[in-house]
>>> print(open('my_file18.cif').read())   # mmCIF, C-alpha atoms
data_structure
#
loop_
_atom_site.group_PDB
_atom_site.id
_atom_site.type_symbol
_atom_site.label_atom_id
_atom_site.label_comp_id
_atom_site.auth_asym_id
_atom_site.auth_seq_id
_atom_site.Cartn_x
_atom_site.Cartn_y
_atom_site.Cartn_z
ATOM 1 C CA MET A 1 -78.774 -100.739 25.633
ATOM 2 C CA ALA A 2 -75.978 -100.529 28.157
ATOM 3 C CA GLU A 3 -77.194 -100.785 31.731
ATOM 4 C CA LEU A 4 -75.772 -99.496 34.964
ATOM 5 C CA ALA A 5 -75.706 -103.154 36.034
ATOM 6 C CA ASP A 6 -72.971 -103.776 33.422
ATOM 7 C CA LEU A 7 -70.567 -101.609 35.376
ATOM 8 C CA SER A 8 -68.357 -102.543 38.293
ATOM 9 C CA PHE A 9 -69.794 -102.449 41.816
ATOM 10 C CA ALA A 10 -67.575 -99.506 42.749
ATOM 11 C CA LEU A 11 -68.660 -97.495 39.714
ATOM 12 C CA ARG A 12 -72.352 -98.309 40.214
ATOM 13 C CA THR A 13 -72.111 -97.170 43.807
ATOM 14 C CA PHE A 14 -70.452 -93.955 42.702
ATOM 15 C CA LEU A 15 -73.009 -93.299 39.961
ATOM 16 C CA ARG A 16 -75.979 -93.898 42.290
ATOM 17 C CA ALA A 17 -74.793 -91.065 44.488
ATOM 18 C CA TYR A 18 -73.507 -88.875 41.651
ATOM 19 C CA ARG A 19 -75.366 -85.639 41.040
ATOM 20 C CA TRP A 20 -75.722 -85.478 37.273
ATOM 21 C CA ARG A 21 -75.390 -82.006 35.785
ATOM 22 C CA ARG A 22 -78.898 -81.194 34.597
ATOM 23 C CA ILE A 23 -79.020 -78.919 31.554
ATOM 24 C CA ASP A 24 -81.782 -76.466 32.337
ATOM 25 C CA PRO A 25 -83.127 -74.925 30.276
ATOM 26 C CA THR A 26 -82.128 -77.216 27.417
ATOM 27 C CA PRO A 27 -80.902 -74.972 24.579
ATOM 28 C CA TRP A 28 -82.242 -75.611 21.098
ATOM 29 C CA ALA A 29 -80.593 -74.444 17.876
ATOM 30 C CA PRO A 30 -83.144 -74.815 15.097
ATOM 31 C CA PHE A 31 -81.897 -76.862 12.168
ATOM 32 C CA THR A 32 -83.160 -75.088 9.099
ATOM 33 C CA LYS A 33 -81.027 -76.489 6.270
ATOM 34 C CA PRO A 34 -81.715 -79.817 4.656
ATOM 35 C CA LEU A 35 -79.218 -82.385 5.932
ATOM 36 C CA THR A 36 -78.113 -82.892 2.332
ATOM 37 C CA ALA A 37 -76.762 -79.321 2.355
ATOM 38 C CA ALA A 38 -75.374 -79.271 5.897
ATOM 39 C CA ARG A 39 -71.750 -79.119 7.016
ATOM 40 C CA VAL A 40 -71.402 -81.744 9.732
ATOM 41 C CA ALA A 41 -68.772 -82.108 12.471
ATOM 42 C CA LEU A 42 -68.023 -84.990 14.828
ATOM 43 C CA VAL A 43 -67.394 -84.734 18.538
ATOM 44 C CA SER A 44 -66.185 -87.843 20.316
ATOM 45 C CA THR A 45 -65.514 -88.332 24.015
ATOM 46 C CA ALA A 46 -63.489 -91.513 23.487
ATOM 47 C CA GLY A 47 -60.237 -89.704 24.348
ATOM 48 C CA MET A 48 -58.776 -90.137 20.865
ATOM 49 C CA VAL A 49 -55.621 -88.254 19.842
ATOM 50 C CA LEU A 50 -53.429 -88.160 16.765
ATOM 51 C CA PRO A 51 -49.848 -89.466 17.156
ATOM 52 C CA ASP A 52 -48.419 -85.924 17.352
ATOM 53 C CA GLN A 53 -50.913 -84.765 19.999
ATOM 54 C CA GLU A 54 -50.647 -84.915 23.786
ATOM 55 C CA PRO A 55 -52.522 -87.866 25.261
ATOM 56 C CA PHE A 56 -55.297 -86.968 27.688
ATOM 57 C CA ASP A 57 -54.008 -86.715 31.245
ATOM 58 C CA ASP A 58 -55.423 -89.535 33.319
ATOM 59 C CA HIS A 59 -54.110 -88.030 36.557
ATOM 60 C CA PHE A 60 -56.247 -84.919 36.216
ATOM 61 C CA ARG A 61 -58.484 -84.739 39.297
ATOM 62 C CA GLY A 62 -62.133 -84.859 38.218
ATOM 63 C CA GLY A 63 -61.130 -85.686 34.626
ATOM 64 C CA ASP A 64 -59.126 -83.907 31.938
ATOM 65 C CA PRO A 65 -61.384 -81.186 30.450
ATOM 66 C CA SER A 66 -59.101 -80.387 27.489
ATOM 67 C CA TYR A 67 -59.868 -81.196 23.864
ATOM 68 C CA ARG A 68 -57.990 -82.004 20.688
ATOM 69 C CA VAL A 69 -58.808 -80.775 17.193
ATOM 70 C CA ILE A 70 -58.933 -83.583 14.643
ATOM 71 C CA PRO A 71 -58.643 -82.341 11.041
ATOM 72 C CA GLY A 72 -61.357 -83.427 8.638
ATOM 73 C CA ASP A 73 -58.849 -85.214 6.440
ATOM 74 C CA ALA A 74 -57.343 -87.257 9.286
ATOM 75 C CA ASP A 75 -57.113 -91.011 8.892
ATOM 76 C CA PRO A 76 -59.070 -92.731 11.693
ATOM 77 C CA ARG A 77 -56.479 -95.521 11.652
ATOM 78 C CA GLN A 78 -54.006 -92.985 13.047
ATOM 79 C CA LEU A 79 -56.164 -92.187 16.084
ATOM 80 C CA LEU A 80 -54.960 -93.461 19.439
ATOM 81 C CA GLU A 81 -57.323 -94.004 22.328
ATOM 82 C CA THR A 82 -56.119 -92.424 25.610
ATOM 83 C CA HIS A 83 -59.327 -92.628 27.645
ATOM 84 C CA ARG A 84 -58.797 -93.159 31.360
ATOM 85 C CA SER A 85 -61.919 -95.189 32.146
ATOM 86 C CA ASP A 86 -61.668 -98.955 32.600
ATOM 87 C CA SER A 87 -65.441 -99.425 32.384
ATOM 88 C CA PHE A 88 -65.681 -100.204 28.667
ATOM 89 C CA ASP A 89 -64.421 -102.933 26.388
ATOM 90 C CA ARG A 90 -61.608 -101.442 24.296
ATOM 91 C CA ALA A 91 -61.383 -104.225 21.701
ATOM 92 C CA GLY A 92 -63.884 -102.745 19.254
ATOM 93 C CA LEU A 93 -62.310 -99.312 19.251
ATOM 94 C CA ALA A 94 -58.818 -100.775 18.913
ATOM 95 C CA ALA A 95 -59.960 -102.617 15.786
ATOM 96 C CA ASP A 96 -61.892 -99.710 14.264
ATOM 97 C CA ALA A 97 -61.720 -96.074 15.415
ATOM 98 C CA ASN A 98 -64.833 -95.343 13.347
ATOM 99 C CA LEU A 99 -66.795 -97.023 16.118
ATOM 100 C CA ALA A 100 -66.477 -93.801 18.129
ATOM 101 C CA PHE A 101 -64.894 -91.349 15.674
ATOM 102 C CA PRO A 102 -66.680 -92.206 12.406
ATOM 103 C CA LEU A 103 -64.778 -89.943 10.031
ATOM 104 C CA ASP A 104 -64.764 -92.555 7.260
ATOM 105 C CA ARG A 105 -68.537 -92.982 7.621
ATOM 106 C CA LEU A 106 -69.086 -89.229 7.501
ATOM 107 C CA ARG A 107 -67.016 -88.994 4.318
ATOM 108 C CA GLU A 108 -69.045 -91.796 2.773
ATOM 109 C CA MET A 109 -72.277 -89.989 3.687
ATOM 110 C CA ALA A 110 -70.958 -86.826 2.029
ATOM 111 C CA ALA A 111 -69.853 -88.782 -1.051
ATOM 112 C CA VAL A 112 -73.354 -90.162 -1.628
ATOM 113 C CA GLY A 113 -75.046 -86.868 -0.773
ATOM 114 C CA GLU A 114 -76.682 -87.872 2.531
ATOM 115 C CA ILE A 115 -74.995 -84.876 4.160
ATOM 116 C CA GLY A 116 -73.711 -81.706 2.503
ATOM 117 C CA GLU A 117 -70.073 -81.885 3.534
ATOM 118 C CA VAL A 118 -67.589 -82.962 6.189
ATOM 119 C CA ALA A 119 -66.471 -80.108 8.455
ATOM 120 C CA PRO A 120 -62.794 -79.110 8.284
ATOM 121 C CA ARG A 121 -62.267 -79.652 12.033
ATOM 122 C CA HIS A 122 -63.683 -82.135 14.553
ATOM 123 C CA LEU A 123 -63.345 -82.396 18.317
ATOM 124 C CA SER A 124 -62.030 -85.045 20.652
ATOM 125 C CA PHE A 125 -62.663 -84.953 24.409
ATOM 126 C CA MET A 126 -62.004 -87.420 27.186
ATOM 127 C CA GLY A 127 -65.408 -88.392 28.485
ATOM 128 C CA SER A 128 -64.557 -89.574 31.957
ATOM 129 C CA GLN A 129 -65.089 -86.285 33.773
ATOM 130 C CA THR A 130 -66.797 -86.164 37.138
ATOM 131 C CA ALA A 131 -66.018 -82.521 37.959
ATOM 132 C CA VAL A 132 -67.348 -80.663 34.932
ATOM 133 C CA GLY A 133 -66.888 -77.013 35.950
ATOM 134 C CA ARG A 134 -63.953 -76.297 33.670
ATOM 135 C CA LEU A 135 -65.515 -78.174 30.775
ATOM 136 C CA VAL A 136 -68.770 -76.224 31.023
ATOM 137 C CA LYS A 137 -67.230 -72.814 31.690
ATOM 138 C CA GLN A 138 -64.124 -72.918 29.549
ATOM 139 C CA THR A 139 -63.167 -75.748 27.243
ATOM 140 C CA ALA A 140 -66.560 -76.631 25.729
ATOM 141 C CA PRO A 141 -67.374 -72.971 24.898
ATOM 142 C CA GLU A 142 -63.867 -72.532 23.415
ATOM 143 C CA ALA A 143 -64.164 -75.684 21.333
ATOM 144 C CA ALA A 144 -67.649 -74.717 20.151
ATOM 145 C CA GLU A 145 -66.274 -71.406 18.893
ATOM 146 C CA LEU A 146 -63.968 -73.304 16.529
ATOM 147 C CA LEU A 147 -66.923 -75.057 14.921
ATOM 148 C CA VAL A 148 -68.853 -71.794 14.709
ATOM 149 C CA ALA A 149 -65.842 -70.231 12.942
ATOM 150 C CA ASP A 150 -65.950 -73.144 10.479
ATOM 151 C CA ARG A 151 -69.665 -72.451 9.827
ATOM 152 C CA VAL A 152 -70.659 -75.912 10.951
ATOM 153 C CA ASP A 153 -74.403 -76.541 10.715
ATOM 154 C CA ALA A 154 -74.714 -79.684 12.792
ATOM 155 C CA ALA A 155 -72.666 -81.923 15.052
ATOM 156 C CA LEU A 156 -72.950 -85.592 15.911
ATOM 157 C CA LEU A 157 -71.596 -86.398 19.371
ATOM 158 C CA VAL A 158 -70.459 -89.910 20.231
ATOM 159 C CA PRO A 159 -69.613 -91.194 23.726
ATOM 160 C CA ILE A 160 -67.786 -94.427 24.431
ATOM 161 C CA MET B 1 -69.548 -90.243 32.528
ATOM 162 C CA CYS B 2 -68.927 -90.113 28.791
ATOM 163 C CA ASN B 3 -72.666 -89.893 28.251
ATOM 164 C CA GLN B 4 -72.907 -86.775 30.414
ATOM 165 C CA THR B 5 -69.837 -85.187 28.800
ATOM 166 C CA VAL B 6 -71.284 -85.388 25.262
ATOM 167 C CA CYS B 7 -74.538 -83.861 26.529
ATOM 168 C CA LEU B 8 -72.724 -80.918 28.125
ATOM 169 C CA VAL B 9 -70.661 -80.240 24.991
ATOM 170 C CA ALA B 10 -73.834 -80.516 22.877
ATOM 171 C CA ALA B 11 -75.561 -77.935 25.060
ATOM 172 C CA GLU B 12 -72.698 -75.499 24.516
ATOM 173 C CA LEU B 13 -72.754 -76.062 20.733
ATOM 174 C CA GLU B 14 -76.497 -75.399 20.700
ATOM 175 C CA ARG B 15 -76.067 -72.207 22.742
ATOM 176 C CA GLN B 16 -73.689 -71.062 20.015
ATOM 177 C CA GLY B 17 -76.176 -71.938 17.266
ATOM 178 C CA ILE B 18 -75.029 -75.383 16.089
ATOM 179 C CA ALA B 19 -77.709 -78.087 16.047
ATOM 180 C CA THR B 20 -76.617 -81.339 17.696
ATOM 181 C CA VAL B 21 -77.534 -84.962 18.189
ATOM 182 C CA VAL B 22 -75.857 -87.050 20.860
ATOM 183 C CA ILE B 23 -75.636 -90.817 20.869
ATOM 184 C CA GLN B 24 -76.478 -92.201 24.316
ATOM 185 C CA LEU B 25 -75.586 -95.597 25.721
ATOM 186 C CA LEU B 26 -77.389 -95.015 29.015
ATOM 187 C CA ARG B 27 -80.930 -93.670 28.605
ATOM 188 C CA ILE B 28 -81.103 -92.821 32.281
ATOM 189 C CA VAL B 29 -78.262 -90.335 31.836
ATOM 190 C CA ALA B 30 -80.015 -88.618 28.914
ATOM 191 C CA GLU B 31 -83.182 -88.346 30.997
ATOM 192 C CA LYS B 32 -81.335 -86.761 33.889
ATOM 193 C CA VAL B 33 -78.937 -84.498 31.976
ATOM 194 C CA ARG B 34 -81.415 -83.484 29.214
ATOM 195 C CA PRO B 35 -79.388 -82.862 26.029
ATOM 196 C CA PRO B 36 -81.239 -81.143 23.153
ATOM 197 C CA ARG B 37 -81.500 -84.255 20.936
ATOM 198 C CA ALA B 38 -80.388 -87.776 21.752
ATOM 199 C CA LEU B 39 -80.555 -91.171 20.109
ATOM 200 C CA CYS B 40 -80.425 -93.934 22.724
ATOM 201 C CA VAL B 41 -78.789 -97.010 21.237
ATOM 202 C CA PRO B 42 -79.056 -100.663 22.316
ATOM 203 C CA TYR B 43 -75.302 -101.293 22.479
ATOM 204 C CA PRO B 44 -72.806 -101.923 25.276
ATOM 205 C CA HIS B 45 -70.197 -99.466 26.532
ATOM 206 C CA GLY B 46 -67.374 -99.266 24.012
ATOM 207 C CA TYR B 47 -69.707 -99.828 21.021
ATOM 208 C CA PRO B 48 -71.681 -96.610 20.477
ATOM 209 C CA LEU B 49 -72.204 -97.255 16.744
ATOM 210 C CA GLY B 50 -72.922 -100.949 17.102
ATOM 211 C CA ARG B 51 -69.992 -102.982 15.857
ATOM 212 C CA GLU B 52 -66.426 -102.475 14.709
ATOM 213 C CA ASN B 53 -65.743 -102.834 10.970
ATOM 214 C CA ASP B 54 -69.456 -102.854 10.154
ATOM 215 C CA ALA B 55 -69.753 -99.763 7.978
ATOM 216 C CA ALA B 56 -73.381 -100.422 7.032
ATOM 217 C CA LEU B 57 -74.521 -100.629 10.653
ATOM 218 C CA GLN B 58 -72.469 -97.586 11.681
ATOM 219 C CA ARG B 59 -73.968 -95.598 8.802
ATOM 220 C CA ARG B 60 -77.495 -96.686 9.757
ATOM 221 C CA VAL B 61 -77.041 -95.506 13.334
ATOM 222 C CA MET B 62 -75.577 -92.203 12.157
ATOM 223 C CA ALA B 63 -78.347 -91.636 9.615
ATOM 224 C CA ARG B 64 -81.005 -92.287 12.258
ATOM 225 C CA ALA B 65 -79.249 -89.912 14.675
ATOM 226 C CA LEU B 66 -78.789 -87.135 12.123
ATOM 227 C CA GLY B 67 -82.387 -87.662 11.014
ATOM 228 C CA LEU B 68 -83.497 -86.314 14.404
ATOM 229 C CA LEU B 69 -82.242 -82.894 13.324
ATOM 230 C CA GLY B 70 -85.178 -82.527 10.971
ATOM 231 C CA GLU B 71 -87.878 -83.436 13.509
ATOM 232 C CA ARG B 72 -90.291 -80.576 13.896
ATOM 233 C CA GLY B 73 -92.711 -79.573 16.575
ATOM 234 C CA THR B 74 -90.802 -81.101 19.442
ATOM 235 C CA ALA B 75 -89.780 -79.445 22.669
ATOM 236 C CA PRO B 76 -86.314 -80.233 23.985
ATOM 237 C CA PRO B 77 -85.100 -82.607 25.125
ATOM 238 C CA LEU B 78 -85.902 -84.879 22.191
ATOM 239 C CA LEU B 79 -85.004 -88.441 23.212
ATOM 240 C CA ALA B 80 -85.410 -91.174 20.616
ATOM 241 C CA ASP B 81 -84.598 -94.885 20.769
ATOM 242 C CA LEU B 82 -82.903 -96.981 18.135
ATOM 243 C CA ALA B 83 -84.596 -100.363 17.945
ATOM 244 C CA ASP B 84 -82.392 -103.457 18.178
#
>>> encode(input="my_file18.cif", output="structure tokens")
Amino acid sequence: MAELADLSFALRTFLRAYRWRRIDPTPWAPFTKPLTAARVALVSTAGMVLPDQEPFDDHFRGGDPSYRVIPGDADPRQLLETHRSDSFDRAGLAADANLAFPLDRLREMAAVGEIGEVAPRHLSFMGSQTAVGRLVKQTAPEAAELLVADRVDAALLVPI
Amino acid sequence: MCNQTVCLVAAELERQGIATVVIQLLRIVAEKVRPPRALCVPYPHGYPLGRENDAALQRRVMARALGLLGERGTAPPLLADLAD
């Protein structure tokens, strides 16, 4: 498990005083299908973009709340990491994007029947956001609508 | 902050009817933010699925996470831990 103690002194000090956004009440979408019949999407907050997409803006005050759509047939080797945080070791992700955007793994799970199918669209956010108003009010609801339109049954969300 | 961001996006997906599981690297964040379903993993920042180029391990973590979707009789938030 990662610990707050792993982080820099400045970041630890910030996080101690940070008021986390409590989700209350916690919403709950019942999962009624068997996983073997479910359409599954990925959401990563590792700030990954495809070569033809705008990188996340690391000058955005409070953190860039935008998102990128990653097609289900994208090659994870094409994904570029544009996360602004310096509080994680980038070596693993540079060697293997599946570590945070496991599209290959999801395809393998579909191929052997562990999940029903891979969703046609997946979502990439930049996780380092301290001011989350725009994310909560605008970009997350917008992005969720895309997955609803694709009749996604379940999503796996991966931070970095 | 990444841990909070996935929780907030998960909450919005759930409000719109899509069941979610979030991977969490910091259990304390999951406890404070309260996502619907979370799998807390024993890995450092930068390694949410364990190790690069280790497909078997990545698949195991994902299968355990997605397995939480089928857990019945729980009240949110559902926080589970992946053993080392």
>>> resolve_selection(input="my_file18.cif", expression="the PyMOL selection byres ((chain A) within 6 of (chain B))", output="ChimeraX atom specification")
/A:1-2,21-23,26-29,31,88-89,92,96,99,127-128,140-141,144,153-160
>>> atom_distance(input="my_file18.cif", atom1="atom CA of Arg61 of chain A", atom2="atom CA of Ala17 of chain A")
18.2 Å
>>> residues_around(input="my_file18.cif", residues="Thr82 of chain A", least_positions_apart="6", cutoff="7 Å", atoms="only C-alpha atoms", output="NGL selection string")
:A and (47-48 or 55-56)
>>> axis_aligned_box(input="my_file18.cif", around="segment 31-44 of chain B", padding_each_side="4 Å", output="JSON")
{"center_x": -78.0, "center_y": -91.5, "center_z": 27.0, "size_x": 18.4, "size_y": 28.8, "size_z": 21.8}
>>> atom_distance(input="my_file18.cif", atom1="atom CA of His122 of chain A", atom2="atom CA of Thr36 of chain A")
18.9 Å
>>> atom_distance(input="my_file18.cif", atom1="atom CA of Gln138 of chain A", atom2="atom CA of Ala97 of chain A")
27.2 Å
>>> closest_residue(input="my_file18.cif", among="A:Leu123, A:Leu93, A:Val49, A:Ala41", to="Glu142 of chain A", atoms="all atoms listed in the file")
A:Leu123
>>> closest_residue(input="my_file18.cif", among="A:Arg121, A:His83, A:Arg19, A:Arg12", to="Pro71 of chain A", atoms="all atoms listed in the file")
A:Arg121
